[in-house]
Each structure stands twice: as structure tokens, then as C-alpha cells.
file model.pdb (PDB, C-alpha atoms)
MODEL        1
ATOM      1  CA  MET A   1    -130.410 -27.964-123.935
ATOM      2  CA  ARG A   2    -127.603 -25.618-122.944
ATOM      3  CA  LYS A   3    -129.908 -22.649-123.468
ATOM      4  CA  LEU A   4    -132.586 -24.238-121.246
ATOM      5  CA  LEU A   5    -130.088 -24.885-118.447
ATOM      6  CA  LEU A   6    -128.799 -21.322-118.561
ATOM      7  CA  THR A   7    -132.336 -19.962-118.433
ATOM      8  CA  SER A   8    -133.220 -22.156-115.414
ATOM      9  CA  THR A   9    -130.117 -20.980-113.533
ATOM     10  CA  VAL A  10    -130.956 -17.319-114.096
ATOM     11  CA  VAL A  11    -134.554 -17.839-112.922
ATOM     12  CA  LEU A  12    -133.426 -19.726-109.763
ATOM     13  CA  ALA A  13    -130.920 -16.993-108.892
ATOM     14  CA  ALA A  14    -133.615 -14.352-109.230
ATOM     15  CA  VAL A  15    -135.986 -16.290-106.936
ATOM     16  CA  VAL A  16    -133.297 -16.741-104.235
ATOM     17  CA  THR A  17    -132.346 -13.045-104.415
ATOM     18  CA  ALA A  18    -135.986 -11.987-104.037
ATOM     19  CA  ALA A  19    -136.499 -14.298-101.053
ATOM     20  CA  ALA A  20    -133.368 -13.015 -99.333
ATOM     21  CA  ALA A  21    -134.557  -9.446 -99.796
ATOM     22  CA  ASP A  22    -137.726 -10.251 -97.851
ATOM     23  CA  LEU A  23    -135.825 -11.558 -94.767
ATOM     24  CA  PRO A  24    -135.402  -9.157 -91.739
ATOM     25  CA  ALA A  25    -132.007  -7.570 -91.237
ATOM     26  CA  ARG A  26    -129.608  -9.528 -88.992
ATOM     27  CA  TYR A  27    -127.530  -7.788 -86.357
ATOM     28  CA  PRO A  28    -124.351  -9.000 -84.594
ATOM     29  CA  VAL A  29    -125.106 -11.115 -81.485
ATOM     30  CA  LYS A  30    -123.329  -9.977 -78.286
ATOM     31  CA  ALA A  31    -122.250 -12.373 -75.566
ATOM     32  CA  PRO A  32    -124.082 -11.939 -72.219
ATOM     33  CA  PRO A  33    -122.245  -9.615 -69.817
ATOM     34  CA  VAL A  34    -120.008 -11.072 -67.127
ATOM     35  CA  VAL A  35    -121.438  -9.742 -63.860
ATOM     36  CA  ALA A  36    -119.119  -9.172 -60.898
ATOM     37  CA  PRO A  37    -120.172 -11.373 -57.951
ATOM     38  CA  ALA A  38    -121.248  -9.843 -54.619
ATOM     39  CA  PHE A  39    -118.634  -9.532 -51.877
ATOM     40  CA  ASN A  40    -118.171 -12.838 -50.035
ATOM     41  CA  TRP A  41    -117.117 -13.090 -46.365
ATOM     42  CA  SER A  42    -115.759 -16.643 -46.561
ATOM     43  CA  GLY A  43    -112.248 -17.249 -45.329
ATOM     44  CA  PHE A  44    -109.837 -17.487 -42.438
ATOM     45  CA  TYR A  45    -109.025 -14.254 -40.563
ATOM     46  CA  VAL A  46    -106.964 -12.818 -37.689
ATOM     47  CA  GLY A  47    -107.338  -9.506 -35.906
ATOM     48  CA  GLY A  48    -106.905  -7.353 -32.838
ATOM     49  CA  PHE A  49    -109.154  -5.243 -30.607
ATOM     50  CA  VAL A  50    -109.280  -2.710 -27.770
ATOM     51  CA  GLY A  51    -112.145  -1.705 -25.510
ATOM     52  CA  GLY A  52    -113.456  -1.695 -21.971
ATOM     53  CA  ALA A  53    -115.132  -3.974 -19.419
ATOM     54  CA  TRP A  54    -117.199  -3.476 -16.275
ATOM     55  CA  HIS A  55    -118.788  -5.736 -13.655
ATOM     56  CA  ASP A  56    -122.550  -6.172 -13.791
ATOM     57  CA  ARG A  57    -123.162  -5.678 -10.050
ATOM     58  CA  ASP A  58    -121.196  -5.453  -6.794
ATOM     59  CA  VAL A  59    -119.356  -8.473  -5.457
ATOM     60  CA  THR A  60    -121.034  -9.616  -2.222
ATOM     61  CA  VAL A  61    -119.094 -11.373   0.547
ATOM     62  CA  TYR A  62    -120.878 -13.703   2.992
ATOM     63  CA  ASP A  63    -119.416 -14.664   6.372
ATOM     64  CA  ARG A  64    -120.514 -18.309   6.320
ATOM     65  CA  ASN A  65    -119.781 -19.429   9.878
ATOM     66  CA  GLY A  66    -119.645 -16.437  12.154
ATOM     67  CA  PHE A  67    -116.203 -14.880  12.095
ATOM     68  CA  ALA A  68    -117.835 -11.533  12.896
ATOM     69  CA  GLY A  69    -119.986 -12.947  15.686
ATOM     70  CA  PRO A  70    -123.187 -14.916  16.214
ATOM     71  CA  LEU A  71    -126.104 -15.105  13.806
ATOM     72  CA  PRO A  72    -127.139 -13.362  11.675
ATOM     73  CA  TYR A  73    -123.809 -13.696   9.895
ATOM     74  CA  ASP A  74    -122.356 -10.607   8.276
ATOM     75  CA  THR A  75    -122.347  -9.626   4.569
ATOM     76  CA  TRP A  76    -120.847  -6.672   2.692
ATOM     77  CA  SER A  77    -120.345  -5.605  -0.918
ATOM     78  CA  TYR A  78    -118.003  -3.627  -3.154
ATOM     79  CA  ASN A  79    -117.579  -2.673  -6.788
ATOM     80  CA  PRO A  80    -114.674  -4.161  -8.795
ATOM     81  CA  ASP A  81    -114.580  -1.055 -11.002
ATOM     82  CA  SER A  82    -113.879  -1.151 -14.747
ATOM     83  CA  SER A  83    -110.983  -2.227 -16.940
ATOM     84  CA  PHE A  84    -109.280  -1.683 -20.267
ATOM     85  CA  ILE A  85    -109.346  -4.779 -22.467
ATOM     86  CA  GLY A  86    -107.256  -5.658 -25.484
ATOM     87  CA  GLY A  87    -106.202  -8.767 -27.323
ATOM     88  CA  GLY A  88    -106.331 -10.856 -30.448
ATOM     89  CA  THR A  89    -108.916 -12.738 -32.502
ATOM     90  CA  ILE A  90    -108.727 -15.706 -34.835
ATOM     91  CA  GLY A  91    -111.674 -17.072 -36.804
ATOM     92  CA  TRP A  92    -113.210 -18.545 -39.934
ATOM     93  CA  ASN A  93    -116.300 -17.514 -41.936
ATOM     94  CA  TRP A  94    -118.335 -19.370 -44.525
ATOM     95  CA  GLN A  95    -120.889 -17.649 -46.750
ATOM     96  CA  PRO A  96    -122.757 -19.861 -49.246
ATOM     97  CA  VAL A  97    -122.693 -18.455 -52.781
ATOM     98  CA  GLY A  98    -125.799 -16.373 -53.406
ATOM     99  CA  SER A  99    -126.810 -16.300 -49.721
ATOM    100  CA  PRO A 100    -126.663 -13.277 -47.392
ATOM    101  CA  PHE A 101    -126.061 -15.504 -44.335
ATOM    102  CA  VAL A 102    -122.564 -15.882 -42.900
ATOM    103  CA  PHE A 103    -121.617 -18.728 -40.547
ATOM    104  CA  GLY A 104    -118.425 -18.787 -38.526
ATOM    105  CA  ILE A 105    -116.426 -19.757 -35.471
ATOM    106  CA  GLU A 106    -114.161 -17.397 -33.552
ATOM    107  CA  GLY A 107    -111.599 -17.566 -30.766
ATOM    108  CA  GLU A 108    -110.481 -14.633 -28.648
ATOM    109  CA  ILE A 109    -107.864 -14.091 -25.951
ATOM    110  CA  GLY A 110    -107.222 -10.837 -24.192
ATOM    111  CA  TYR A 111    -106.222  -8.771 -21.192
ATOM    112  CA  LEU A 112    -108.841  -7.979 -18.538
ATOM    113  CA  SER A 113    -108.295  -6.726 -14.971
ATOM    114  CA  LEU A 114    -111.240  -5.891 -12.728
ATOM    115  CA  SER A 115    -110.421  -5.474  -9.037
ATOM    116  CA  GLY A 116    -111.962  -4.133  -5.862
ATOM    117  CA  SER A 117    -111.838  -4.460  -2.094
ATOM    118  CA  ALA A 118    -113.617  -3.262   1.028
ATOM    119  CA  TYR A 119    -113.550  -3.620   4.797
ATOM    120  CA  ASP A 120    -116.468  -5.170   6.615
ATOM    121  CA  PRO A 121    -118.299  -2.011   7.786
ATOM    122  CA  LEU A 122    -119.852  -3.770  10.791
ATOM    123  CA  LEU A 123    -116.624  -5.204  12.180
ATOM    124  CA  ILE A 124    -114.288  -2.653  13.745
ATOM    125  CA  THR A 125    -111.996  -5.004  15.693
ATOM    126  CA  PRO A 126    -110.445  -6.941  14.120
ATOM    127  CA  ALA A 127    -110.535  -5.100  10.801
ATOM    128  CA  LEU A 128    -111.619  -7.569   8.104
ATOM    129  CA  SER A 129    -110.928  -6.836   4.441
ATOM    130  CA  ALA A 130    -112.071  -8.732   1.316
ATOM    131  CA  THR A 131    -110.559  -8.407  -2.172
ATOM    132  CA  THR A 132    -111.567  -9.679  -5.610
ATOM    133  CA  LYS A 133    -109.509  -9.648  -8.798
ATOM    134  CA  ILE A 134    -110.887 -10.799 -12.167
ATOM    135  CA  GLY A 135    -108.119 -11.254 -14.742
ATOM    136  CA  ASP A 136    -105.386 -10.591 -15.865
ATOM    137  CA  TRP A 137    -106.529 -12.668 -18.789
ATOM    138  CA  TYR A 138    -109.612 -14.186 -20.360
ATOM    139  CA  GLY A 139    -110.372 -16.305 -23.403
ATOM    140  CA  LEU A 140    -113.408 -17.515 -25.292
ATOM    141  CA  ILE A 141    -114.557 -19.588 -28.226
ATOM    142  CA  ALA A 142    -117.874 -18.769 -29.879
ATOM    143  CA  GLY A 143    -119.982 -19.408 -32.936
ATOM    144  CA  ARG A 144    -121.134 -16.533 -35.160
ATOM    145  CA  LEU A 145    -124.228 -16.094 -37.303
ATOM    146  CA  GLY A 146    -124.422 -13.029 -39.497
ATOM    147  CA  TYR A 147    -126.504 -11.378 -42.202
ATOM    148  CA  SER A 148    -124.652  -9.397 -44.846
ATOM    149  CA  TRP A 149    -125.452  -6.547 -47.204
ATOM    150  CA  ASP A 150    -122.471  -6.912 -49.516
ATOM    151  CA  ARG A 151    -119.564  -5.475 -47.452
ATOM    152  CA  ALA A 152    -121.657  -4.792 -44.319
ATOM    153  CA  LEU A 153    -122.237  -7.604 -41.820
ATOM    154  CA  VAL A 154    -124.451  -7.702 -38.727
ATOM    155  CA  TYR A 155    -123.912 -10.716 -36.485
ATOM    156  CA  VAL A 156    -124.683 -12.416 -33.184
ATOM    157  CA  LYS A 157    -122.296 -14.727 -31.354
ATOM    158  CA  GLY A 158    -122.421 -17.083 -28.407
ATOM    159  CA  GLY A 159    -120.155 -19.584 -26.743
ATOM    160  CA  VAL A 160    -118.036 -20.300 -23.684
ATOM    161  CA  ALA A 161    -115.515 -18.071 -21.901
ATOM    162  CA  PHE A 162    -112.722 -18.709 -19.411
ATOM    163  CA  VAL A 163    -111.796 -16.079 -16.815
ATOM    164  CA  ASP A 164    -109.160 -16.127 -14.081
ATOM    165  CA  VAL A 165    -110.566 -15.105 -10.653
ATOM    166  CA  GLU A 166    -108.744 -14.547  -7.340
ATOM    167  CA  THR A 167    -110.400 -13.704  -4.025
ATOM    168  CA  SER A 168    -108.811 -13.106  -0.617
ATOM    169  CA  ILE A 169    -109.664 -12.304   3.009
ATOM    170  CA  TRP A 170    -107.397 -10.450   5.415
ATOM    171  CA  ALA A 171    -107.514  -9.699   9.144
ATOM    172  CA  PRO A 172    -103.880  -9.202  10.207
ATOM    173  CA  THR A 173    -104.502  -8.536  13.891
ATOM    174  CA  VAL A 174    -105.783 -12.091  14.385
ATOM    175  CA  GLY A 175    -103.548 -13.781  11.837
ATOM    176  CA  LEU A 176    -106.159 -14.373   9.137
ATOM    177  CA  ALA A 177    -104.807 -14.237   5.589
ATOM    178  CA  ALA A 178    -106.245 -16.604   2.977
ATOM    179  CA  SER A 179    -107.026 -16.589  -0.722
ATOM    180  CA  ALA A 180    -108.489 -18.724  -3.518
ATOM    181  CA  SER A 181    -107.662 -18.677  -7.226
ATOM    182  CA  ASP A 182    -109.429 -20.477 -10.037
ATOM    183  CA  THR A 183    -110.196 -20.309 -13.749
ATOM    184  CA  LYS A 184    -113.951 -19.904 -14.038
ATOM    185  CA  THR A 185    -116.037 -21.085 -16.994
ATOM    186  CA  ALA A 186    -118.751 -18.684 -18.138
ATOM    187  CA  TRP A 187    -121.220 -18.476 -20.977
ATOM    188  CA  ALA A 188    -120.807 -15.648 -23.471
ATOM    189  CA  VAL A 189    -123.342 -13.935 -25.738
ATOM    190  CA  GLY A 190    -123.322 -10.742 -27.781
ATOM    191  CA  GLY A 191    -123.189  -9.284 -31.257
ATOM    192  CA  GLY A 192    -121.796  -6.577 -33.440
ATOM    193  CA  ILE A 193    -121.411  -5.001 -36.847
ATOM    194  CA  GLU A 194    -118.485  -5.381 -39.257
ATOM    195  CA  TRP A 195    -117.640  -3.517 -42.452
ATOM    196  CA  ALA A 196    -115.113  -4.583 -45.100
ATOM    197  CA  PHE A 197    -113.446  -1.376 -46.251
ATOM    198  CA  ASP A 198    -111.042  -3.374 -48.413
ATOM    199  CA  LEU A 199    -110.947  -6.792 -50.071
ATOM    200  CA  ASN A 200    -109.004  -8.220 -47.107
ATOM    201  CA  TRP A 201    -109.468  -5.696 -44.279
ATOM    202  CA  SER A 202    -112.535  -5.045 -42.113
ATOM    203  CA  ILE A 203    -113.365  -3.100 -38.951
ATOM    204  CA  LYS A 204    -115.891  -4.061 -36.281
ATOM    205  CA  ALA A 205    -117.696  -2.835 -33.173
ATOM    206  CA  GLU A 206    -118.913  -5.484 -30.721
ATOM    207  CA  TYR A 207    -120.659  -5.957 -27.379
ATOM    208  CA  LEU A 208    -120.206  -9.191 -25.424
ATOM    209  CA  TYR A 209    -121.541 -10.314 -22.042
ATOM    210  CA  LEU A 210    -119.607 -12.892 -20.010
ATOM    211  CA  GLY A 211    -121.986 -14.741 -17.672
ATOM    212  CA  LEU A 212    -119.595 -15.242 -14.763
ATOM    213  CA  ASP A 213    -122.414 -15.794 -12.249
ATOM    214  CA  ASP A 214    -120.640 -18.002  -9.726
ATOM    215  CA  THR A 215    -119.505 -18.279  -6.097
ATOM    216  CA  GLN A 216    -115.923 -18.632  -4.926
ATOM    217  CA  THR A 217    -115.106 -19.624  -1.343
ATOM    218  CA  VAL A 218    -112.082 -18.568   0.719
ATOM    219  CA  THR A 219    -111.274 -20.570   3.865
ATOM    220  CA  GLY A 220    -108.884 -19.716   6.696
ATOM    221  CA  ILE A 221    -108.063 -20.774  10.261
ATOM    222  CA  VAL A 222    -107.792 -18.508  13.312
ATOM    223  CA  ALA A 223    -106.674 -20.045  16.626
ATOM    224  CA  GLY A 224    -107.586 -23.513  15.379
ATOM    225  CA  THR A 225    -111.087 -22.474  14.255
ATOM    226  CA  PRO A 226    -111.867 -22.713  10.513
ATOM    227  CA  TYR A 227    -113.754 -19.892   8.835
ATOM    228  CA  ALA A 228    -115.223 -19.593   5.327
ATOM    229  CA  PHE A 229    -116.275 -16.629   3.198
ATOM    230  CA  ASP A 230    -118.356 -16.867   0.026
ATOM    231  CA  TYR A 231    -117.816 -14.332  -2.779
ATOM    232  CA  ASP A 232    -120.781 -13.949  -5.123
ATOM    233  CA  LEU A 233    -119.511 -12.959  -8.588
ATOM    234  CA  ASN A 234    -121.627 -11.490 -11.363
ATOM    235  CA  GLY A 235    -121.447 -11.078 -15.125
ATOM    236  CA  ILE A 236    -119.044  -8.864 -17.053
ATOM    237  CA  HIS A 237    -119.980  -6.428 -19.821
ATOM    238  CA  THR A 238    -117.442  -5.803 -22.584
ATOM    239  CA  ALA A 239    -117.448  -3.383 -25.514
ATOM    240  CA  LYS A 240    -114.718  -3.245 -28.130
ATOM    241  CA  VAL A 241    -113.633  -2.068 -31.556
ATOM    242  CA  GLY A 242    -111.314  -4.130 -33.701
ATOM    243  CA  ILE A 243    -109.760  -4.758 -37.080
ATOM    244  CA  ASN A 244    -109.515  -8.069 -38.973
ATOM    245  CA  TYR A 245    -107.430  -9.286 -41.897
ATOM    246  CA  ARG A 246    -108.992 -12.008 -44.065
ATOM    247  CA  PHE A 247    -106.788 -14.404 -46.018
ATOM    248  CA  GLY A 248    -107.552 -15.819 -49.467
ATOM    249  CA  ALA A 249    -110.049 -13.181 -50.557
ATOM    250  CA  ALA A 250    -110.773 -13.458 -54.308
ATOM    251  CA  ALA A 251    -110.720 -10.283 -56.404
ATOM    252  CA  PRO A 252    -114.162  -9.507 -57.916
ATOM    253  CA  LEU A 253    -114.588 -10.014 -61.674
ATOM    254  CA  VAL A 254    -114.801  -6.976 -63.937
ATOM    255  CA  ALA A 255    -117.986  -6.738 -66.002
ATOM    256  CA  LYS A 256    -117.272  -7.192 -69.722
ATOM    257  CA  TYR A 257    -119.655  -6.880 -72.695
TER     258      TYR A 257
ENDMDL
END

call {"tool": "encode", "arguments": {"input": "model.pdb", "output": "C-alpha cells"}}
result
Amino acid sequence: MRKLLLTSTVVLAAVVTAAAADLPARYPVKAPPVVAPAFNWSGFYVGGFVGGAWHDRDVTVYDRNGFAGPLPYDTWSYNPDSSFIGGGTIGWNWQPVGSPFVFGIEGEIGYLSLSGSAYDPLLITPALSATTKIGDWYGLIAGRLGYSWDRALVYVKGGVAFVDVETSIWAPTVGLAASASDTKTAWAVGGGIEWAFDLNWSIKAEYLYLGLDDTQTVTGIVAGTPYAFDYDLNGIHTAKVGINYRFGAAAPLVAKY
């Protein structure tokens, strides 16, 4: 009996060894690599900018009720020149994971000073001068929609802007000196390109149009007679370069195998 059991064990061991020899060789299994995620634009940011601004067309002044004489009432125009602009930006971006689209909201406040004046060329006596000043400040709030290629972002933006405007009329020889000042609301639209040269820092170039198309009226009284002058204002072009700092940026993962 003991001899039979020993023989059976030897035979079984031989069969198992032969079967194992026929199996394919097994190699160590590696874990899948950890892939670094694409750059993500999400987060709160602040920044600053500098640039320039210029008026779309001349300001036109209309003599509404005949200060310069009988009908047809007089009109004249002048250019409010160009201006340096500079200021600060605050905003927030959200980029869904795996999507190239970036959604955001942005606020901006800055310095802007466009000004110009001219005498009525058809009125020699009394000399009548009109002046327009746009600024010294403006602000806006706008939404942004962008498309990113990793650290490069192209975007459009649109919203509402607020611009301080002052107009005045002056004819000292007859005692006419009047002005009007108001904060005008304008629509804003534009776009730009932004590049993240660092995990937190990015630079941008942007164009923005402020649709200030509006009329401001200045009224004055000469010898008991009221007079009114309408100032037709036009849009403002702005171009700027800026730098932003983004808070809470996560460091990309390092690929491991």
C-alpha cells in the first residue's frame, strides 16, 4: 500500500511538471502610467494693464435753439484726440475638466482721458467755444468665453461699461458759461489672446470697444433767454497689454511608470 501511494505521488508530480512546462512565460505586470493633466485656466485672478484709447469719430455740437442766429441752426465738430489708459483687472475663470472652453467674468477699472474743444467757425462775435472731456476714469464688468490650447487662450468678452463725461459751452463776451457732467452707461465688446507663461502668471493682449453712442445737453441763459447745445458722442476704441496672477493653481502631476 505504501509503495502504491509513493508511486502515485511521483506520477502526479511528473504530470503537473509537464503541464507547467507547456504554459507560456509570465512577465511582470506594470501599473498604467499616471498622465499629467492638461493646463487648466480655472481660478480667481487679479492683474494690471496699460494701453491706449481713441474716439471713434468727431464730437458734433448742435445749436438747438438759435444762439448763433436764425434757422438753420449751427453745428460744428472736433476731435477729442487719444489717451493713455491704465488700470487693474479682477476676474474668475472656470474650465470644465477635459474641455477646451473657458468661461469667466471680469471687472476692470482704469484711467482714461479724452478731451477736445473748438470754436464755432461760423460765429465770429461773440466767440463760442465747446469742450468735451471723457474720463478721468472708466469701469466695466463683462463676461468672457474662451477656447484654449493648453496654456494659450483666445477669448471674446462683452458687457457694460461706465464712463464719466463732461461737456461745456463758453462765450465770455455775452456771459455764457455752462457745463454738464454725467456718468454714461455704454455697452462693451471685444476680445484678446492670453498665454500662461507660468503656473500662476499669464500675459494678454486685448482690444475692447466702448459703445458710448449718446447725446449730452448743455443749457445756459443769456440776458434771460435760455439756450441749449447737444453734444453727440461716439464710441471709444481701446487696445491694451496686461499681466494676470491666478490664485490656487494646482501643480501638474508627474508621469510615473

call {"tool": "atom_distance", "arguments": {"input": "model.pdb", "atom1": "CA of Tyr147 in chain A", "atom2": "CA of Gly235 in chain A"}}
result
27.5 Å

call {"tool": "residues_around", "arguments": {"input": "model.pdb", "residues": "Leu145 in chain A", "least_positions_apart": "2", "cutoff": "12 Å", "atoms": "only C-alpha atoms", "output": "JSON, numbers by chain"}}
result
{"A": [41, 92, 93, 94, 95, 100, 101, 102, 103, 104, 105, 106, 142, 143, 147, 148, 153, 154, 155, 156, 157, 158, 159, 189, 190, 191, 192, 193]}

call {"tool": "resolve_selection", "arguments": {"input": "model.pdb", "expression": "the PyMOL selection byres ((chain A and resi 180-186) around 6)", "output": "tab-separated table (two decimals) with C-alpha atoms, in the frame of the given file"}}
result
chain	number	residue	atom	x	y	z
A	160	VAL	CA	-118.04	-20.30	-23.68
A	161	ALA	CA	-115.52	-18.07	-21.90
A	162	PHE	CA	-112.72	-18.71	-19.41
A	163	VAL	CA	-111.80	-16.08	-16.82
A	164	ASP	CA	-109.16	-16.13	-14.08
A	165	VAL	CA	-110.57	-15.10	-10.65
A	166	GLU	CA	-108.74	-14.55	-7.34
A	167	THR	CA	-110.40	-13.70	-4.03
A	179	SER	CA	-107.03	-16.59	-0.72
A	187	TRP	CA	-121.22	-18.48	-20.98
A	211	GLY	CA	-121.99	-14.74	-17.67
A	212	LEU	CA	-119.60	-15.24	-14.76
A	218	VAL	CA	-112.08	-18.57	0.72

call {"tool": "resolve_selection", "arguments": {"input": "model.pdb", "expression": "the PyMOL selection byres ((chain A and resi 127-137) around 8)", "output": "compact mmCIF listing (two decimals) with C-alpha atoms, keeping the file's coordinate frame"}}
result
# COMPACT_ATOMS: atom_id res chain seq x y z
CA VAL A 59 -119.36 -8.47 -5.46
CA VAL A 61 -119.09 -11.37 0.55
CA PRO A 80 -114.67 -4.16 -8.80
CA ILE A 109 -107.86 -14.09 -25.95
CA GLY A 110 -107.22 -10.84 -24.19
CA TYR A 111 -106.22 -8.77 -21.19
CA LEU A 112 -108.84 -7.98 -18.54
CA SER A 113 -108.30 -6.73 -14.97
CA LEU A 114 -111.24 -5.89 -12.73
CA SER A 115 -110.42 -5.47 -9.04
CA GLY A 116 -111.96 -4.13 -5.86
CA SER A 117 -111.84 -4.46 -2.09
CA ALA A 118 -113.62 -3.26 1.03
CA TYR A 119 -113.55 -3.62 4.80
CA ASP A 120 -116.47 -5.17 6.62
CA LEU A 123 -116.62 -5.20 12.18
CA ILE A 124 -114.29 -2.65 13.74
CA THR A 125 -112.00 -5.00 15.69
CA PRO A 126 -110.44 -6.94 14.12
CA TYR A 138 -109.61 -14.19 -20.36
CA GLY A 139 -110.37 -16.30 -23.40
CA VAL A 163 -111.80 -16.08 -16.82
CA ASP A 164 -109.16 -16.13 -14.08
CA VAL A 165 -110.57 -15.10 -10.65
CA GLU A 166 -108.74 -14.55 -7.34
CA THR A 167 -110.40 -13.70 -4.03
CA SER A 168 -108.81 -13.11 -0.62
CA ILE A 169 -109.66 -12.30 3.01
CA TRP A 170 -107.40 -10.45 5.42
CA ALA A 171 -107.51 -9.70 9.14
CA PRO A 172 -103.88 -9.20 10.21
CA THR A 173 -104.50 -8.54 13.89

call {"tool": "closest_residue", "arguments": {"input": "model.pdb", "among": "A:Phe44, A:Tyr209, A:Tyr231, A:Trp54", "to": "Phe84 in chain A", "atoms": "only C-alpha atoms"}}
result
A:Trp54

call {"tool": "residues_around", "arguments": {"input": "model.pdb", "residues": "Asp214 in chain A", "least_positions_apart": "6", "cutoff": "7 Å", "atoms": "only C-alpha atoms", "output": "MDAnalysis selection string"}}
result
chainID A and resid 232:234
